[in-house]
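Structure first, commentary second.
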Amino acid sequence: MDKKKQKKILILAIQAGKIMMKSGAEIYRVEDTITRICKACGIDYVNVFATPTGIFVSIDNENGDDTVTYIKRIKSSETNLSKISQVNDFSRKFTTTDLSVEDGMKMLDEIDAERKYPLTVRIIGAGFVASCFSTMFGGNVIDFLIAFIAGMICYVCSRFLEKFEVNFFIRGLCCCALAAFLALVAQASVDGAGYGTIVTGCLMLFVPGVAITNSIRDFLSGDMVSGLARMVEAILTAVALAAGSGIVIKLWYIAGGFGL
């Protein structure tokens, strides 16, 4: 196999892995997908090492004298199970059919460029998530309505900060501080409103559930570095959420605490 074709296959496999990693996939799934794509193209010697912030792939021929290594930096991530599922389907199709590398790259580019749901739909969805969790934790109808509005506002705040590439720690802290402030104002202004259930409902929008789950799965799969990295990220995010809401509640209490 000539080096030009080898490079194209390697870039295709890396692109598939990058999309999965950025979408919140587990480490073993990313490594397995890259390995399967390379081996389907006749590359038998493939070594993959993936972390939440980078993918390292090395391929070689049977003589061991033509090693090619490629490194891809992963700078950001989000949870997008739809893209993970699509890349999984692409991997199966690529390894079981005669799909060319060029056509495969076009399919991956289309998956990568796929837009999320419209912003309006996501904002309304965030409102329903916050309000439903508020009800689950003992909130009444008033708490449901207030949490719905507060959840939408907090989600808009999160997207605004993300636009300016604010890191996840500060973003979570600011959004939960805003949620606590809105909940306290609502309790002080509306009869029957309880800030505890409202704040809890809004916090659930930012709880790193996927990071925690993937961390445990990485640990069980033997990927200790990735498991530890994701666990630390989840812990820091949880600290940010608690700190943001806790600071506002404490300052509210010091300032007079009406409604508490």
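Residue numbering restarts at 1 in every chain; chains get A, B, ... in the order shown in the structure tokens, and ligands count up from 1 in that same order.
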
key: Selection: 6 Å around A:Ile198, only C-alpha atoms, excl. self and same-chain fewer than 6 positions, as a list of chain:residue names   =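 Counting only the stated atoms, we get A:Ser134, A:Asp143, A:Ala147, A:Ala183.
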
Item to complete: Write down as a VMD selection string the residues of stretch 70-144 of chain A whose backbone DSSP state falls under helix (DSSP H, G or I).
Response: chain A and resid 81 to 96 101 to 113 119 to 136 141 to 144

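With only C-alpha atoms as the atoms that count, the minimum distance from A:Val210 to the choices A:Leu10, A:Ala126, A:Leu81, A:Met224 is reached by A:Leu81.
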
Which residues are close to A:Ile34, i.e. within 10 Å by only C-alpha atoms, leaving aside same-chain residues fewer than 5 positions away? Reply as a compact mmCIF listing (two decimals) with N, CA, C and O atoms, in the first residue's frame.
```txt
# COMPACT_ATOMS: atom_id res chain seq x y z
N ILE A 9 -6.37 6.89 4.67
CA ILE A 9 -7.09 5.97 5.57
C ILE A 9 -6.91 6.41 7.02
O ILE A 9 -7.87 6.41 7.81
N LEU A 10 -5.69 6.79 7.35
CA LEU A 10 -5.41 7.23 8.71
C LEU A 10 -6.19 8.47 9.08
O LEU A 10 -6.75 8.58 10.18
N ILE A 11 -6.26 9.43 8.15
CA ILE A 11 -7.02 10.66 8.40
C ILE A 11 -8.51 10.36 8.54
O ILE A 11 -9.19 10.93 9.39
N LEU A 12 -9.02 9.42 7.73
CA LEU A 12 -10.42 9.02 7.84
C LEU A 12 -10.72 8.43 9.20
O LEU A 12 -11.71 8.80 9.87
N ALA A 13 -9.86 7.52 9.66
CA ALA A 13 -10.07 6.89 10.96
C ALA A 13 -9.98 7.90 12.09
O ALA A 13 -10.78 7.87 13.04
N ILE A 14 -9.01 8.81 12.00
CA ILE A 14 -8.86 9.85 13.02
C ILE A 14 -10.08 10.76 13.06
O ILE A 14 -10.56 11.16 14.14
N GLN A 15 -10.62 11.09 11.90
CA GLN A 15 -11.80 11.95 11.84
C GLN A 15 -12.99 11.30 12.52
O GLN A 15 -13.73 11.94 13.26
N ALA A 16 -13.16 10.00 12.29
CA ALA A 16 -14.25 9.26 12.94
C ALA A 16 -14.06 9.29 14.45
O ALA A 16 -15.00 9.52 15.22
N GLY A 17 -12.82 9.03 14.90
CA GLY A 17 -12.54 9.05 16.33
C GLY A 17 -12.73 10.43 16.95
O GLY A 17 -13.24 10.55 18.07
N LYS A 18 -12.35 11.48 16.22
CA LYS A 18 -12.48 12.84 16.73
C LYS A 18 -13.95 13.20 16.94
O LYS A 18 -14.31 13.78 17.97
N ARG A 29 -14.63 2.74 22.85
CA ARG A 29 -15.42 2.81 21.61
C ARG A 29 -14.66 3.57 20.53
O ARG A 29 -14.67 3.19 19.36
N LYS A 39 -8.11 -1.59 9.88
CA LYS A 39 -7.96 -3.01 9.51
C LYS A 39 -8.84 -3.38 8.32
O LYS A 39 -8.50 -4.27 7.54
N VAL A 46 -2.06 -1.80 13.90
CA VAL A 46 -2.66 -0.52 14.32
C VAL A 46 -2.58 -0.42 15.84
O VAL A 46 -2.97 -1.34 16.56
N ASN A 47 -2.06 0.69 16.31
CA ASN A 47 -2.03 0.96 17.74
C ASN A 47 -2.69 2.32 17.99
O ASN A 47 -2.30 3.31 17.37
N VAL A 48 -3.68 2.32 18.88
CA VAL A 48 -4.43 3.55 19.16
C VAL A 48 -4.39 3.83 20.65
O VAL A 48 -4.61 2.94 21.47
N ILE A 55 -5.94 12.11 20.48
CA ILE A 55 -5.95 10.76 19.91
C ILE A 55 -4.60 10.52 19.24
O ILE A 55 -4.14 11.34 18.44
N VAL A 57 -2.48 7.71 16.98
CA VAL A 57 -2.62 6.50 16.17
C VAL A 57 -1.31 6.22 15.46
O VAL A 57 -0.70 7.11 14.87
N SER A 91 -19.16 3.24 10.70
CA SER A 91 -18.08 2.28 10.89
C SER A 91 -18.51 0.89 10.40
O SER A 91 -17.75 0.19 9.71
```

Residues within 10 Å of A:Val232, only C-alpha atoms, excluding chain neighbours under 4 positions, as number ranges by chain
A: 211-212, 215, 226-228, 236-238

**Study point:** Which residue of A:Val87, A:Ile123, A:Gly138, A:Gly54 approaches A:Arg73 most closely, using only C-alpha atoms
**Key:**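 Of A:Val87, A:Ile123, A:Gly138, A:Gly54, the one nearest A:Arg73, counting only C-alpha atoms, is A:Gly54.
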
A:Cys41: which residues within 10 Å, counting only C-alpha atoms, same-chain residues fewer than 2 positions away excluded, as a list in words?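 Answer for this query is Met1, Lys5, Gln6, Ile9, Leu10, Arg36, Ile37, Cys38, Lys39, Ile43, Asp44, Phe94, Thr95, Asp98, Ser100 and Val101 of chain A.
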
Using only C-alpha atoms, the shortest atom-to-atom distance to A:Met107 among A:Lys8, A:Gln86, A:Arg122, A:Ala242 belongs to A:Gln86

Selection near stretch 184-192 of chain A, 12 Å with only C-alpha atoms, sequence-local residues under 6 positions removed, as an mmCIF file with N, CA and C atoms, in the first residue's frame:
```cif
data_model
loop_
_atom_site.group_PDB
_atom_site.id
_atom_site.type_symbol
_atom_site.label_atom_id
_atom_site.label_comp_id
_atom_site.auth_asym_id
_atom_site.auth_seq_id
_atom_site.Cartn_x
_atom_site.Cartn_y
_atom_site.Cartn_z
ATOM 1 N N GLY A 139 -41.318 20.025 44.386
ATOM 2 C CA GLY A 139 -41.859 21.341 44.053
ATOM 3 C C GLY A 139 -43.334 21.302 43.715
ATOM 4 N N ASN A 140 -44.000 22.420 43.897
ATOM 5 C CA ASN A 140 -45.418 22.529 43.552
ATOM 6 C C ASN A 140 -45.585 23.153 42.170
ATOM 7 N N VAL A 141 -46.798 23.502 41.821
ATOM 8 C CA VAL A 141 -47.081 24.062 40.495
ATOM 9 C C VAL A 141 -46.351 25.384 40.297
ATOM 10 N N ILE A 142 -46.321 26.193 41.348
ATOM 11 C CA ILE A 142 -45.624 27.481 41.252
ATOM 12 C C ILE A 142 -44.135 27.270 41.015
ATOM 13 N N ASP A 143 -43.559 26.324 41.746
ATOM 14 C CA ASP A 143 -42.137 26.012 41.549
ATOM 15 C C ASP A 143 -41.886 25.511 40.123
ATOM 16 N N PHE A 144 -42.831 24.725 39.620
ATOM 17 C CA PHE A 144 -42.708 24.201 38.253
ATOM 18 C C PHE A 144 -42.607 25.340 37.241
ATOM 19 N N LEU A 145 -43.497 26.313 37.373
ATOM 20 C CA LEU A 145 -43.527 27.431 36.423
ATOM 21 C C LEU A 145 -42.283 28.315 36.547
ATOM 22 N N ILE A 146 -41.879 28.574 37.785
ATOM 23 C CA ILE A 146 -40.706 29.426 37.994
ATOM 24 C C ILE A 146 -39.438 28.720 37.515
ATOM 25 N N ALA A 147 -39.332 27.421 37.809
ATOM 26 C CA ALA A 147 -38.170 26.656 37.365
ATOM 27 C C ALA A 147 -38.110 26.589 35.842
ATOM 28 N N ILE A 149 -39.050 28.941 33.734
ATOM 29 C CA ILE A 149 -38.504 30.224 33.271
ATOM 30 C C ILE A 149 -37.023 30.341 33.642
ATOM 31 N N ALA A 150 -36.695 29.990 34.889
ATOM 32 C CA ALA A 150 -35.303 30.084 35.348
ATOM 33 C C ALA A 150 -34.398 29.152 34.551
ATOM 34 N N ALA A 177 -25.104 30.294 39.911
ATOM 35 C CA ALA A 177 -25.275 31.499 40.717
ATOM 36 C C ALA A 177 -26.508 32.274 40.250
ATOM 37 N N LEU A 178 -26.673 32.360 38.946
ATOM 38 C CA LEU A 178 -27.855 33.027 38.391
ATOM 39 C C LEU A 178 -29.126 32.275 38.772
ATOM 40 N N ILE A 198 -36.467 24.920 43.140
ATOM 41 C CA ILE A 198 -36.194 25.649 41.894
ATOM 42 C C ILE A 198 -34.709 25.580 41.556
ATOM 43 N N VAL A 199 -33.868 25.836 42.565
ATOM 44 C CA VAL A 199 -32.426 25.772 42.345
ATOM 45 C C VAL A 199 -32.010 24.368 41.940
ATOM 46 N N SER A 245 -24.185 28.385 43.413
ATOM 47 C CA SER A 245 -25.453 28.559 44.127
ATOM 48 C C SER A 245 -25.214 28.873 45.598
ATOM 49 N N GLY A 246 -24.204 28.226 46.206
ATOM 50 C CA GLY A 246 -23.937 28.445 47.631
ATOM 51 C C GLY A 246 -23.497 29.858 47.941
ATOM 52 N N VAL A 248 -24.190 32.634 46.289
ATOM 53 C CA VAL A 248 -25.327 33.560 46.156
ATOM 54 C C VAL A 248 -26.273 33.440 47.340
ATOM 55 N N ILE A 249 -26.568 32.197 47.755
ATOM 56 C CA ILE A 249 -27.466 32.000 48.903
ATOM 57 C C ILE A 249 -26.865 32.605 50.168
ATOM 58 N N LYS A 250 -25.567 32.439 50.374
ATOM 59 C CA LYS A 250 -24.894 32.992 51.548
ATOM 60 C C LYS A 250 -24.907 34.521 51.516
ATOM 61 N N LEU A 251 -24.619 35.102 50.368
ATOM 62 C CA LEU A 251 -24.631 36.558 50.252
ATOM 63 C C LEU A 251 -26.047 37.104 50.444
ATOM 64 N N TRP A 252 -27.024 36.386 49.965
ATOM 65 C CA TRP A 252 -28.424 36.795 50.131
ATOM 66 C C TRP A 252 -28.787 36.812 51.614
ATOM 67 N N TYR A 253 -28.329 35.784 52.309
ATOM 68 C CA TYR A 253 -28.596 35.688 53.744
ATOM 69 C C TYR A 253 -27.891 36.828 54.493
ATOM 70 N N GLY A 256 -29.561 40.282 54.242
ATOM 71 C CA GLY A 256 -30.868 40.486 54.878
ATOM 72 C C GLY A 256 -31.698 39.242 54.882
ATOM 73 N N GLY A 257 -31.538 38.457 53.836
ATOM 74 C CA GLY A 257 -32.183 37.154 53.776
ATOM 75 C C GLY A 257 -33.688 37.171 53.807
ATOM 76 N N PHE A 258 -34.327 38.228 53.259
ATOM 77 C CA PHE A 258 -35.782 38.203 53.260
ATOM 78 C C PHE A 258 -36.276 37.081 52.362
ATOM 79 N N GLY A 259 -37.240 36.389 52.867
ATOM 80 C CA GLY A 259 -37.797 35.257 52.114
ATOM 81 C C GLY A 259 -37.170 33.938 52.524
ATOM 82 N N LEU A 260 -36.088 33.956 53.342
ATOM 83 C CA LEU A 260 -35.463 32.712 53.768
ATOM 84 C C LEU A 260 -35.987 32.311 55.142
#
```

- List every residue of stretch 3-150 of chain A that DSSP, applied to the backbone of this structure, assigns to strand (DSSP E or B), and report them as a PyMOL selection string. chain A and resi 45-51+54-60+68-73

Mind dumping the selected residues with all heavy atoms as a short mmCIF file (atom, residue, chain, number, x, y, z; two decimals), in the first residue's frame?
```cif
data_model
loop_
_atom_site.label_atom_id
_atom_site.label_comp_id
_atom_site.auth_asym_id
_atom_site.auth_seq_id
_atom_site.Cartn_x
_atom_site.Cartn_y
_atom_site.Cartn_z
N TYR A 45 -1.43 -3.68 11.36
CA TYR A 45 -0.71 -3.26 12.55
C TYR A 45 -1.16 -1.85 12.94
O TYR A 45 -0.70 -0.86 12.37
CB TYR A 45 0.80 -3.31 12.30
CG TYR A 45 1.29 -4.69 11.95
CD1 TYR A 45 1.31 -5.13 10.63
CD2 TYR A 45 1.70 -5.57 12.95
CE1 TYR A 45 1.74 -6.41 10.31
CE2 TYR A 45 2.13 -6.86 12.64
CZ TYR A 45 2.14 -7.26 11.32
OH TYR A 45 2.56 -8.55 11.00
N VAL A 46 -2.06 -1.80 13.90
CA VAL A 46 -2.66 -0.52 14.32
C VAL A 46 -2.58 -0.42 15.84
O VAL A 46 -2.97 -1.34 16.56
CB VAL A 46 -4.14 -0.42 13.89
CG1 VAL A 46 -4.69 0.96 14.23
CG2 VAL A 46 -4.29 -0.71 12.41
N ASN A 47 -2.06 0.69 16.31
CA ASN A 47 -2.03 0.96 17.74
C ASN A 47 -2.69 2.32 17.99
O ASN A 47 -2.30 3.31 17.37
CB ASN A 47 -0.59 1.00 18.27
CG ASN A 47 0.00 -0.39 18.40
OD1 ASN A 47 -0.54 -1.22 19.12
ND2 ASN A 47 1.09 -0.64 17.69
N VAL A 48 -3.68 2.32 18.88
CA VAL A 48 -4.43 3.55 19.16
C VAL A 48 -4.39 3.83 20.65
O VAL A 48 -4.61 2.94 21.47
CB VAL A 48 -5.91 3.41 18.71
CG1 VAL A 48 -6.62 4.75 18.87
CG2 VAL A 48 -5.99 2.94 17.27
N PHE A 49 -4.10 5.08 20.97
CA PHE A 49 -4.17 5.52 22.36
C PHE A 49 -4.98 6.81 22.39
O PHE A 49 -4.57 7.83 21.81
CB PHE A 49 -2.78 5.76 22.94
CG PHE A 49 -2.79 6.27 24.36
CD1 PHE A 49 -3.18 5.44 25.41
CD2 PHE A 49 -2.44 7.57 24.65
CE1 PHE A 49 -3.20 5.90 26.72
CE2 PHE A 49 -2.46 8.06 25.95
CZ PHE A 49 -2.83 7.21 26.99
N ALA A 50 -6.14 6.77 23.03
CA ALA A 50 -7.03 7.93 23.05
C ALA A 50 -7.22 8.43 24.48
O ALA A 50 -7.27 7.64 25.43
CB ALA A 50 -8.38 7.56 22.45
N THR A 51 -7.31 9.73 24.61
CA THR A 51 -7.64 10.38 25.88
C THR A 51 -8.70 11.43 25.57
O THR A 51 -8.95 11.73 24.39
CB THR A 51 -6.41 11.07 26.50
OG1 THR A 51 -6.07 12.23 25.72
CG2 THR A 51 -5.22 10.13 26.57
N GLY A 54 -6.97 14.09 23.35
CA GLY A 54 -6.13 13.79 22.20
C GLY A 54 -6.22 12.35 21.77
O GLY A 54 -6.55 11.46 22.56
N ILE A 55 -5.94 12.11 20.48
CA ILE A 55 -5.95 10.76 19.91
C ILE A 55 -4.60 10.52 19.24
O ILE A 55 -4.14 11.34 18.44
CB ILE A 55 -7.07 10.58 18.88
CG1 ILE A 55 -8.45 10.85 19.52
CG2 ILE A 55 -7.05 9.18 18.28
CD1 ILE A 55 -9.60 10.82 18.53
N PHE A 56 -3.96 9.39 19.57
CA PHE A 56 -2.66 9.03 19.01
C PHE A 56 -2.82 7.71 18.26
O PHE A 56 -3.24 6.71 18.85
CB PHE A 56 -1.61 8.87 20.12
CG PHE A 56 -1.49 10.07 21.03
CD1 PHE A 56 -2.40 10.26 22.06
CD2 PHE A 56 -0.49 11.00 20.84
CE1 PHE A 56 -2.31 11.36 22.90
CE2 PHE A 56 -0.38 12.09 21.68
CZ PHE A 56 -1.29 12.28 22.72
N VAL A 57 -2.48 7.71 16.98
CA VAL A 57 -2.62 6.50 16.17
C VAL A 57 -1.31 6.22 15.46
O VAL A 57 -0.70 7.11 14.87
CB VAL A 57 -3.75 6.64 15.13
CG1 VAL A 57 -3.90 5.34 14.33
CG2 VAL A 57 -5.06 7.01 15.79
N SER A 58 -0.87 4.98 15.53
CA SER A 58 0.34 4.55 14.85
C SER A 58 0.04 3.30 14.03
O SER A 58 -0.55 2.35 14.54
CB SER A 58 1.45 4.27 15.87
OG SER A 58 2.64 3.88 15.22
N ILE A 59 0.43 3.32 12.75
CA ILE A 59 0.22 2.16 11.88
C ILE A 59 1.56 1.76 11.27
O ILE A 59 2.49 2.55 11.19
CB ILE A 59 -0.81 2.46 10.76
CG1 ILE A 59 -0.32 3.62 9.88
CG2 ILE A 59 -2.17 2.78 11.36
CD1 ILE A 59 -1.24 3.91 8.70
N ASP A 60 1.63 0.50 10.85
CA ASP A 60 2.89 -0.02 10.31
C ASP A 60 2.58 -1.16 9.34
O ASP A 60 1.47 -1.70 9.34
CB ASP A 60 3.78 -0.51 11.46
CG ASP A 60 5.25 -0.54 11.07
OD1 ASP A 60 5.55 -0.39 9.88
OD2 ASP A 60 6.09 -0.70 11.99
N VAL A 68 3.89 4.97 10.59
CA VAL A 68 3.28 6.29 10.41
C VAL A 68 2.48 6.61 11.66
O VAL A 68 1.66 5.80 12.10
CB VAL A 68 2.36 6.33 9.17
CG1 VAL A 68 1.70 7.70 9.05
CG2 VAL A 68 3.15 6.00 7.92
N THR A 69 2.72 7.76 12.24
CA THR A 69 2.03 8.16 13.47
C THR A 69 1.29 9.46 13.25
O THR A 69 1.81 10.38 12.60
CB THR A 69 3.02 8.32 14.63
OG1 THR A 69 3.71 7.09 14.83
CG2 THR A 69 2.29 8.71 15.92
N TYR A 70 0.10 9.52 13.78
CA TYR A 70 -0.74 10.73 13.62
C TYR A 70 -1.31 11.09 14.98
O TYR A 70 -1.76 10.23 15.73
CB TYR A 70 -1.87 10.45 12.63
CG TYR A 70 -2.55 11.68 12.06
CD1 TYR A 70 -2.22 12.16 10.80
CD2 TYR A 70 -3.51 12.37 12.79
CE1 TYR A 70 -2.84 13.29 10.27
CE2 TYR A 70 -4.13 13.50 12.28
CZ TYR A 70 -3.80 13.96 11.01
OH TYR A 70 -4.40 15.07 10.52
N ILE A 71 -1.28 12.39 15.28
CA ILE A 71 -1.81 12.89 16.55
C ILE A 71 -2.89 13.93 16.27
O ILE A 71 -2.71 14.82 15.44
CB ILE A 71 -0.70 13.54 17.41
CG1 ILE A 71 0.41 12.54 17.70
CG2 ILE A 71 -1.27 14.09 18.71
CD1 ILE A 71 1.61 13.13 18.38
N LYS A 72 -4.02 13.80 16.96
CA LYS A 72 -5.13 14.75 16.80
C LYS A 72 -5.51 15.33 18.15
O LYS A 72 -5.85 14.60 19.08
CB LYS A 72 -6.34 14.06 16.17
CG LYS A 72 -7.48 15.02 15.83
CD LYS A 72 -7.07 15.95 14.71
CE LYS A 72 -8.22 16.86 14.29
NZ LYS A 72 -7.84 17.78 13.21
N ARG A 73 -5.43 16.64 18.26
CA ARG A 73 -5.78 17.33 19.51
C ARG A 73 -7.29 17.54 19.58
O ARG A 73 -7.90 18.00 18.62
CB ARG A 73 -5.06 18.68 19.57
CG ARG A 73 -5.36 19.50 20.82
CD ARG A 73 -4.59 18.98 22.00
NE ARG A 73 -4.52 19.95 23.07
CZ ARG A 73 -5.45 20.11 24.01
NH1 ARG A 73 -6.54 19.34 23.99
NH2 ARG A 73 -5.32 21.00 24.96
#
```

Report as a Markdown table: every residue of stretch 36-92 of chain A with an atom at most 12 Å from stretch 157-174 of chain A, its closest pair of atoms, and their distance in Å to one decimal, counting only C-alpha atoms, with rows sorted by chain and ascending residue number.
```
| residue | atom | partner | partner_atom | distance |
| --- | --- | --- | --- | --- |
| A:Lys75 | CA | A:Glu165 | CA | 10.9 |
| A:Ser76 | CA | A:Glu165 | CA | 9.7 |
| A:Ser77 | CA | A:Phe168 | CA | 10.4 |
| A:Glu78 | CA | A:Phe168 | CA | 10.8 |
```

Pick from A:Ile124, A:Val156, A:Val129, A:Ala243 nearest to A:Cys202, counting only C-alpha atoms:
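Nearest candidate to A:Cys202 out of A:Ile124, A:Val156, A:Val129, A:Ala243: A:Val129.
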
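Each of A:Ala40, A:Ser85, A:Asp112, A:Leu119 was checked against A:Lys22 using only C-alpha atoms; the smallest atom-to-atom distance is that of A:Asp112.
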